[in-house]
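query.cif, holding mmCIF, C-alpha atoms:
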```cif
data_target
#
loop_
_atom_site.group_PDB
_atom_site.id
_atom_site.type_symbol
_atom_site.label_atom_id
_atom_site.label_comp_id
_atom_site.auth_asym_id
_atom_site.auth_seq_id
_atom_site.Cartn_x
_atom_site.Cartn_y
_atom_site.Cartn_z
ATOM 1 C CA MET A 665 26.613 -20.078 -35.709
ATOM 2 C CA ARG A 666 22.973 -20.768 -34.863
ATOM 3 C CA TRP A 667 24.026 -23.276 -32.205
ATOM 4 C CA LEU A 668 26.165 -20.567 -30.556
ATOM 5 C CA TRP A 669 23.176 -18.204 -30.415
ATOM 6 C CA LEU A 670 20.986 -20.956 -28.931
ATOM 7 C CA ALA A 671 23.630 -21.808 -26.334
ATOM 8 C CA LEU A 672 24.075 -18.138 -25.443
ATOM 9 C CA SER A 673 20.290 -17.629 -25.243
ATOM 10 C CA ARG A 674 19.969 -20.568 -22.844
ATOM 11 C CA LYS A 675 22.789 -19.241 -20.683
ATOM 12 C CA LEU A 676 21.283 -15.746 -20.586
ATOM 13 C CA ALA A 677 17.858 -17.164 -19.731
ATOM 14 C CA LYS A 678 19.384 -18.776 -16.619
ATOM 15 C CA ILE A 679 21.076 -15.590 -15.394
ATOM 16 C CA PRO A 680 18.956 -14.152 -12.603
ATOM 17 C CA LEU A 681 18.448 -10.510 -13.479
ATOM 18 C CA MET A 682 17.621 -8.168 -10.614
ATOM 19 C CA PRO A 683 16.147 -5.154 -12.378
ATOM 20 C CA ALA A 684 14.719 -3.955 -9.075
ATOM 21 C CA LEU A 685 15.514 -2.839 -5.586
ATOM 22 C CA ALA A 686 13.989 -5.450 -3.264
ATOM 23 C CA LEU A 687 12.101 -3.926 -0.354
ATOM 24 C CA HIS A 688 11.430 -5.921 2.811
ATOM 25 C CA LEU A 689 9.149 -4.309 5.393
ATOM 26 C CA THR A 690 9.226 -6.409 8.551
ATOM 27 C CA LYS A 691 6.809 -6.057 11.446
ATOM 28 C CA ARG A 692 8.840 -7.113 14.485
ATOM 29 C CA ALA A 693 6.219 -6.029 17.032
ATOM 30 C CA ALA A 694 3.228 -3.698 17.123
ATOM 31 C CA ASP A 695 5.668 -0.819 17.679
ATOM 32 C CA GLU A 696 8.781 -2.142 15.918
ATOM 33 C CA TYR A 697 9.475 -1.994 12.183
ATOM 34 C CA VAL A 698 12.485 -2.754 9.992
ATOM 35 C CA LEU A 699 12.931 -1.571 6.409
ATOM 36 C CA THR A 700 15.540 -3.544 4.473
ATOM 37 C CA CYS A 701 16.468 -2.604 0.909
ATOM 38 C CA VAL A 702 18.477 -5.102 -1.114
ATOM 39 C CA ARG A 703 20.206 -3.505 -4.074
ATOM 40 C CA PRO A 704 20.715 -5.353 -7.357
ATOM 41 C CA ASP A 705 24.409 -5.806 -6.446
ATOM 42 C CA GLY A 706 23.367 -7.592 -3.227
ATOM 43 C CA SER A 707 24.351 -4.791 -0.847
ATOM 44 C CA ILE A 708 21.861 -3.869 1.848
ATOM 45 C CA ALA A 709 20.513 -0.678 3.413
ATOM 46 C CA ARG A 710 18.518 -1.161 6.625
ATOM 47 C CA GLN A 711 16.698 1.025 9.141
ATOM 48 C CA HIS A 712 15.145 -0.130 12.414
ATOM 49 C CA TYR A 713 12.316 1.864 14.017
ATOM 50 C CA ARG A 714 10.776 1.545 17.489
ATOM 51 C CA GLY A 715 7.955 3.369 19.217
ATOM 52 C CA PRO A 716 5.971 6.155 17.557
ATOM 53 C CA THR A 717 8.269 6.285 14.494
ATOM 54 C CA ALA A 718 7.534 2.602 13.900
ATOM 55 C CA MET A 719 3.884 3.530 13.615
ATOM 56 C CA PHE A 720 4.528 6.345 11.097
ATOM 57 C CA PHE A 721 7.292 5.057 8.826
ATOM 58 C CA PRO A 722 5.700 1.955 7.259
ATOM 59 C CA LYS A 723 2.905 4.115 5.807
ATOM 60 C CA HIS A 724 5.385 6.805 4.806
ATOM 61 C CA ASP A 725 7.730 4.282 3.151
ATOM 62 C CA LEU A 726 4.813 2.683 1.303
ATOM 63 C CA THR A 727 3.669 6.128 0.163
ATOM 64 C CA HIS A 728 7.156 6.765 -1.241
ATOM 65 C CA TYR A 729 7.008 3.435 -3.040
ATOM 66 C CA VAL A 730 3.629 4.188 -4.631
ATOM 67 C CA VAL A 731 4.470 7.777 -5.609
ATOM 68 C CA GLU A 732 7.857 6.910 -7.081
ATOM 69 C CA THR A 733 6.524 3.950 -9.070
ATOM 70 C CA ALA A 734 3.317 5.705 -10.174
ATOM 71 C CA LEU A 735 5.140 8.824 -11.371
ATOM 72 C CA GLY A 736 8.129 6.896 -12.773
ATOM 73 C CA MET A 737 10.539 8.841 -10.565
ATOM 74 C CA LYS A 738 13.884 7.033 -10.667
ATOM 75 C CA ARG A 739 15.845 9.397 -8.388
ATOM 76 C CA GLY A 740 13.516 9.707 -5.417
ATOM 77 C CA PHE A 741 14.150 8.013 -2.085
ATOM 78 C CA TYR A 742 14.241 4.423 -3.371
ATOM 79 C CA GLY A 743 16.151 5.314 -6.517
ATOM 80 C CA LEU A 744 18.859 6.954 -4.392
ATOM 81 C CA VAL A 745 18.978 3.920 -2.103
ATOM 82 C CA ALA A 746 19.461 1.759 -5.197
ATOM 83 C CA GLU A 747 22.332 4.068 -6.227
ATOM 84 C CA GLY A 748 24.078 3.439 -2.906
ATOM 85 C CA TRP A 749 22.617 5.894 -0.414
ATOM 86 C CA ASN A 750 22.144 4.455 3.075
ATOM 87 C CA LEU A 751 18.932 5.107 4.925
ATOM 88 C CA ALA A 752 20.809 7.153 7.547
ATOM 89 C CA ASP A 753 21.973 9.480 4.726
ATOM 90 C CA PHE A 754 18.481 11.002 4.530
ATOM 91 C CA GLY A 755 17.973 13.816 6.994
ATOM 92 C CA THR A 756 20.157 16.002 9.130
ATOM 93 C CA PRO A 757 23.114 16.125 9.312
ATOM 94 C CA TRP A 758 22.874 14.981 5.635
ATOM 95 C CA LEU A 759 25.939 12.751 5.767
ATOM 96 C CA ARG A 760 25.993 12.488 1.973
ATOM 97 C CA GLY A 761 24.823 15.991 1.265
ATOM 98 C CA LYS A 762 21.279 16.930 0.354
ATOM 99 C CA PRO A 763 19.489 14.748 -2.183
ATOM 100 C CA PRO A 764 19.516 15.943 -5.808
ATOM 101 C CA ALA A 765 16.818 18.346 -6.983
ATOM 102 C CA GLU A 766 15.122 15.508 -8.909
ATOM 103 C CA ALA A 767 14.130 13.996 -5.546
ATOM 104 C CA ASP A 768 12.298 17.135 -4.368
ATOM 105 C CA PRO A 769 9.016 16.613 -6.270
ATOM 106 C CA VAL A 770 8.742 13.121 -4.814
ATOM 107 C CA GLU A 771 9.210 14.535 -1.313
ATOM 108 C CA ASP A 772 6.614 17.228 -1.997
ATOM 109 C CA VAL A 773 3.976 14.734 -3.177
ATOM 110 C CA VAL A 774 4.724 12.285 -0.344
ATOM 111 C CA GLN A 775 4.610 15.052 2.258
ATOM 112 C CA LEU A 776 1.227 16.217 0.964
ATOM 113 C CA LEU A 777 -0.151 12.666 0.962
ATOM 114 C CA ASP A 778 1.129 12.151 4.526
ATOM 115 C CA ARG A 779 -0.682 15.357 5.569
ATOM 116 C CA GLU A 780 -3.795 14.292 3.743
ATOM 117 C CA MET A 781 -3.803 10.891 5.485
ATOM 118 C CA GLY A 782 -3.351 12.648 8.828
ATOM 119 C CA ASN A 783 -6.286 14.966 8.104
ATOM 120 C CA GLN A 784 -8.347 12.081 6.693
ATOM 121 C CA GLN A 785 -9.750 14.542 4.172
ATOM 122 C CA PRO A 786 -8.689 14.093 0.524
ATOM 123 C CA TRP A 787 -7.976 17.196 -1.499
ATOM 124 C CA THR A 788 -9.093 17.743 -5.058
ATOM 125 C CA ALA A 789 -6.389 17.576 -7.723
ATOM 126 C CA ALA A 790 -6.600 21.379 -8.037
ATOM 127 C CA GLU A 791 -6.059 21.818 -4.293
ATOM 128 C CA PHE A 792 -3.243 19.266 -4.310
ATOM 129 C CA ASN A 793 -1.513 20.992 -7.230
ATOM 130 C CA GLY A 794 -2.022 24.338 -5.487
ATOM 131 C CA PHE A 795 -0.072 23.027 -2.494
ATOM 132 C CA LEU A 796 2.625 21.709 -4.835
ATOM 133 C CA ALA A 797 2.870 25.177 -6.392
ATOM 134 C CA GLN A 798 3.296 26.662 -2.902
ATOM 135 C CA PHE A 799 6.200 24.293 -2.272
ATOM 136 C CA GLN A 800 7.746 25.424 -5.532
ATOM 137 C CA THR A 801 7.608 29.096 -4.549
ATOM 138 C CA GLN A 802 8.736 28.479 -0.951
ATOM 139 C CA HIS A 803 11.748 26.440 -2.026
ATOM 140 C CA LEU A 804 13.412 28.359 -4.788
ATOM 141 C CA ALA A 805 15.839 25.544 -5.593
ATOM 142 C CA ALA A 806 15.968 24.240 -9.148
ATOM 143 C CA ARG A 807 13.312 21.588 -8.604
ATOM 144 C CA PRO A 808 11.442 19.946 -11.402
ATOM 145 C CA VAL A 809 7.716 20.639 -11.262
ATOM 146 C CA VAL A 810 5.296 17.732 -10.950
ATOM 147 C CA TRP A 811 1.551 18.087 -11.425
ATOM 148 C CA VAL A 812 -0.951 15.344 -10.790
ATOM 149 C CA THR A 813 -4.261 14.766 -12.496
ATOM 150 C CA ALA A 814 -7.360 13.702 -10.586
ATOM 151 C CA GLU A 815 -7.018 10.241 -12.141
ATOM 152 C CA MET A 816 -3.354 9.913 -11.086
ATOM 153 C CA LEU A 817 -4.129 11.125 -7.584
ATOM 154 C CA ASN A 818 -7.004 8.688 -7.207
ATOM 155 C CA SER A 819 -4.883 5.812 -8.506
ATOM 156 C CA ILE A 820 -2.075 6.700 -6.077
ATOM 157 C CA ARG A 821 -4.490 6.897 -3.138
ATOM 158 C CA VAL A 822 -6.073 3.539 -3.995
ATOM 159 C CA ARG A 823 -2.663 1.835 -4.255
ATOM 160 C CA ILE A 824 -1.461 3.374 -0.980
ATOM 161 C CA HIS A 825 -4.657 2.194 0.713
ATOM 162 C CA GLU A 826 -4.142 -1.342 -0.657
ATOM 163 C CA LEU A 827 -0.534 -1.534 0.542
ATOM 164 C CA VAL A 828 -1.199 0.047 3.945
ATOM 165 C CA SER A 829 -4.098 -2.383 4.453
ATOM 166 C CA ARG A 830 -1.747 -5.266 3.621
ATOM 167 C CA TRP A 831 0.773 -3.869 6.105
ATOM 168 C CA LEU A 832 -1.785 -3.480 8.881
ATOM 169 C CA ALA A 833 -3.027 -7.047 8.329
ATOM 170 C CA LEU A 834 0.526 -8.432 8.344
ATOM 171 C CA PRO A 835 1.121 -10.586 11.434
ATOM 172 C CA VAL A 836 3.961 -9.690 13.792
ATOM 173 C CA GLY A 837 7.158 -11.419 12.696
ATOM 174 C CA GLN A 838 6.195 -11.379 9.013
ATOM 175 C CA THR A 839 7.700 -9.458 6.108
ATOM 176 C CA MET A 840 5.995 -7.645 3.250
ATOM 177 C CA GLU A 841 8.080 -7.735 0.060
ATOM 178 C CA LEU A 842 7.953 -5.313 -2.846
ATOM 179 C CA ALA A 843 10.155 -4.657 -5.860
ATOM 180 C CA PHE A 844 11.047 -1.113 -6.853
ATOM 181 C CA PRO A 845 11.694 -1.095 -10.619
ATOM 182 C CA LEU A 846 14.956 0.407 -11.788
ATOM 183 C CA ALA A 847 16.003 1.437 -15.274
ATOM 184 C CA GLU A 848 16.109 -1.522 -17.615
ATOM 185 C CA GLU A 849 19.525 -2.947 -18.222
ATOM 186 C CA LYS A 850 20.595 -4.223 -21.618
ATOM 187 C CA VAL A 851 22.042 -7.715 -21.569
ATOM 188 C CA LEU A 852 23.281 -7.583 -25.155
ATOM 189 C CA GLY A 853 24.062 -4.712 -27.461
#
```

How would this structure read if it were set down as structure tokens?
Amino acid sequence: MRWLWLALSRKLAKIPLMPALALHLTKRAADEYVLTCVRPDGSIARQHYRGPTAMFFPKHDLTHYVVETALGMKRGFYGLVAEGWNLADFGTPWLRGKPPAEADPVEDVVQLLDREMGNQQPWTAAEFNGFLAQFQTQHLAARPVVWVTAEMLNSIRVRIHELVSRWLALPVGQTMELAFPLAEEKVLG
């Protein structure tokens, strides 16, 4: 019986597990950007941006990545893409319907960080949480509440800065690759 377990262990060790959504951010030109998401099943979601949107979306997409991974949010933008949403499903006319309420806190935090980057003036954690509270009262939907500590906010900002710096230094024609962690899958049991 031990030989069967050893044989099975060797076989399982050779199975490539894809516990993540693979993200490929490609800089095609100074004003052209492609986001490609490869799901664990091998299917692909892709969006191509040109012009001013190509200048905005890499930073925005990286901000989503950092916020969702830092806060452990599995049903934000990238989590929904991993579940099968296409990138065109986000936004009007909401081809798939509006995202679930669990995605709203991610959008709130990302939107605030986008504003903050635009203003180039960081808010304190108390100010940031105050804006989050305003979102909660303005949008009376059943959204989960997310609060960030000063330490979390600083960590998120540092990571965004690191990734955006990598993106800006990326030569035209090159791709930046990241892995968005998904829920762990059990192989046995």

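Around the point (17.6, 7.3, 7.9), within 12 Å and counting only C-alpha atoms, we find these residues: A:Val698, A:Leu699, A:Thr700, A:Ala709, A:Arg710, A:Gln711, A:His712, A:Tyr713, A:Thr717, A:Phe721, A:Asp725, A:Phe741, A:Val745, A:Trp749, A:Asn750, A:Leu751, A:Ala752, A:Asp753, A:Phe754, A:Gly755, A:Thr756, A:Pro757, A:Trp758, A:Leu759, A:Arg760.
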
**Q.** Using all atoms listed in the file: which of A:Ala814, A:Leu832, A:Val731, A:Ala765 has the shortest distance to Leu777 in chain A
**A.** A:Val731

Q: To one decimal in Å, tell me the separation between CA of Gly761 in chain A and CA of Phe795 in chain A.
A: 26.1 Å

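For the pair CA of Gly736 in chain A and CA of Gln775 in chain A, the separation is 17.5 Å.
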
**Q.** Which residue of A:Met737, A:Asp778, A:Gln785, A:Ala693 approaches Glu766 in chain A most closely, using all atoms listed in the file
**A.**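 Ranking A:Met737, A:Asp778, A:Gln785, A:Ala693 by distance to Glu766 in chain A, first place goes to A:Met737.
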
Q | Target residues per the PyMOL selection byres ((chain A and resi 728) around 8), formatted as a list in words | A |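 The output of the PyMOL selection byres ((chain A and resi 728) around 8) on this file is His724, Asp725, Leu726, Thr727, Tyr729, Val730, Val731, Glu732, Phe741, Tyr742, Val770 and Val774 of chain A.
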
(Q) Just want the 12 Å neighbourhood of Ala694 in chain A, counted on all atoms listed in the file, with same-chain residues fewer than 4 positions away dropped. Output as number ranges by chain. (A) A: 690, 698, 713-720, 722, 831-838

Q. Quick one: of A:Leu846, A:Ala746, A:Ile820, A:Ala734, who's nearest to Ile708 in chain A, counting all atoms listed in the file?
A.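 Looking at the shortest contact to Ile708 in chain A, the residue is A:Ala746.
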
Q: Check the smallest atom-to-atom distance from each of A:Arg830, A:Lys762, A:Leu842, A:Val773 to Gln798 in chain A using all atoms listed in the file, then report the winner.
A: A:Val773
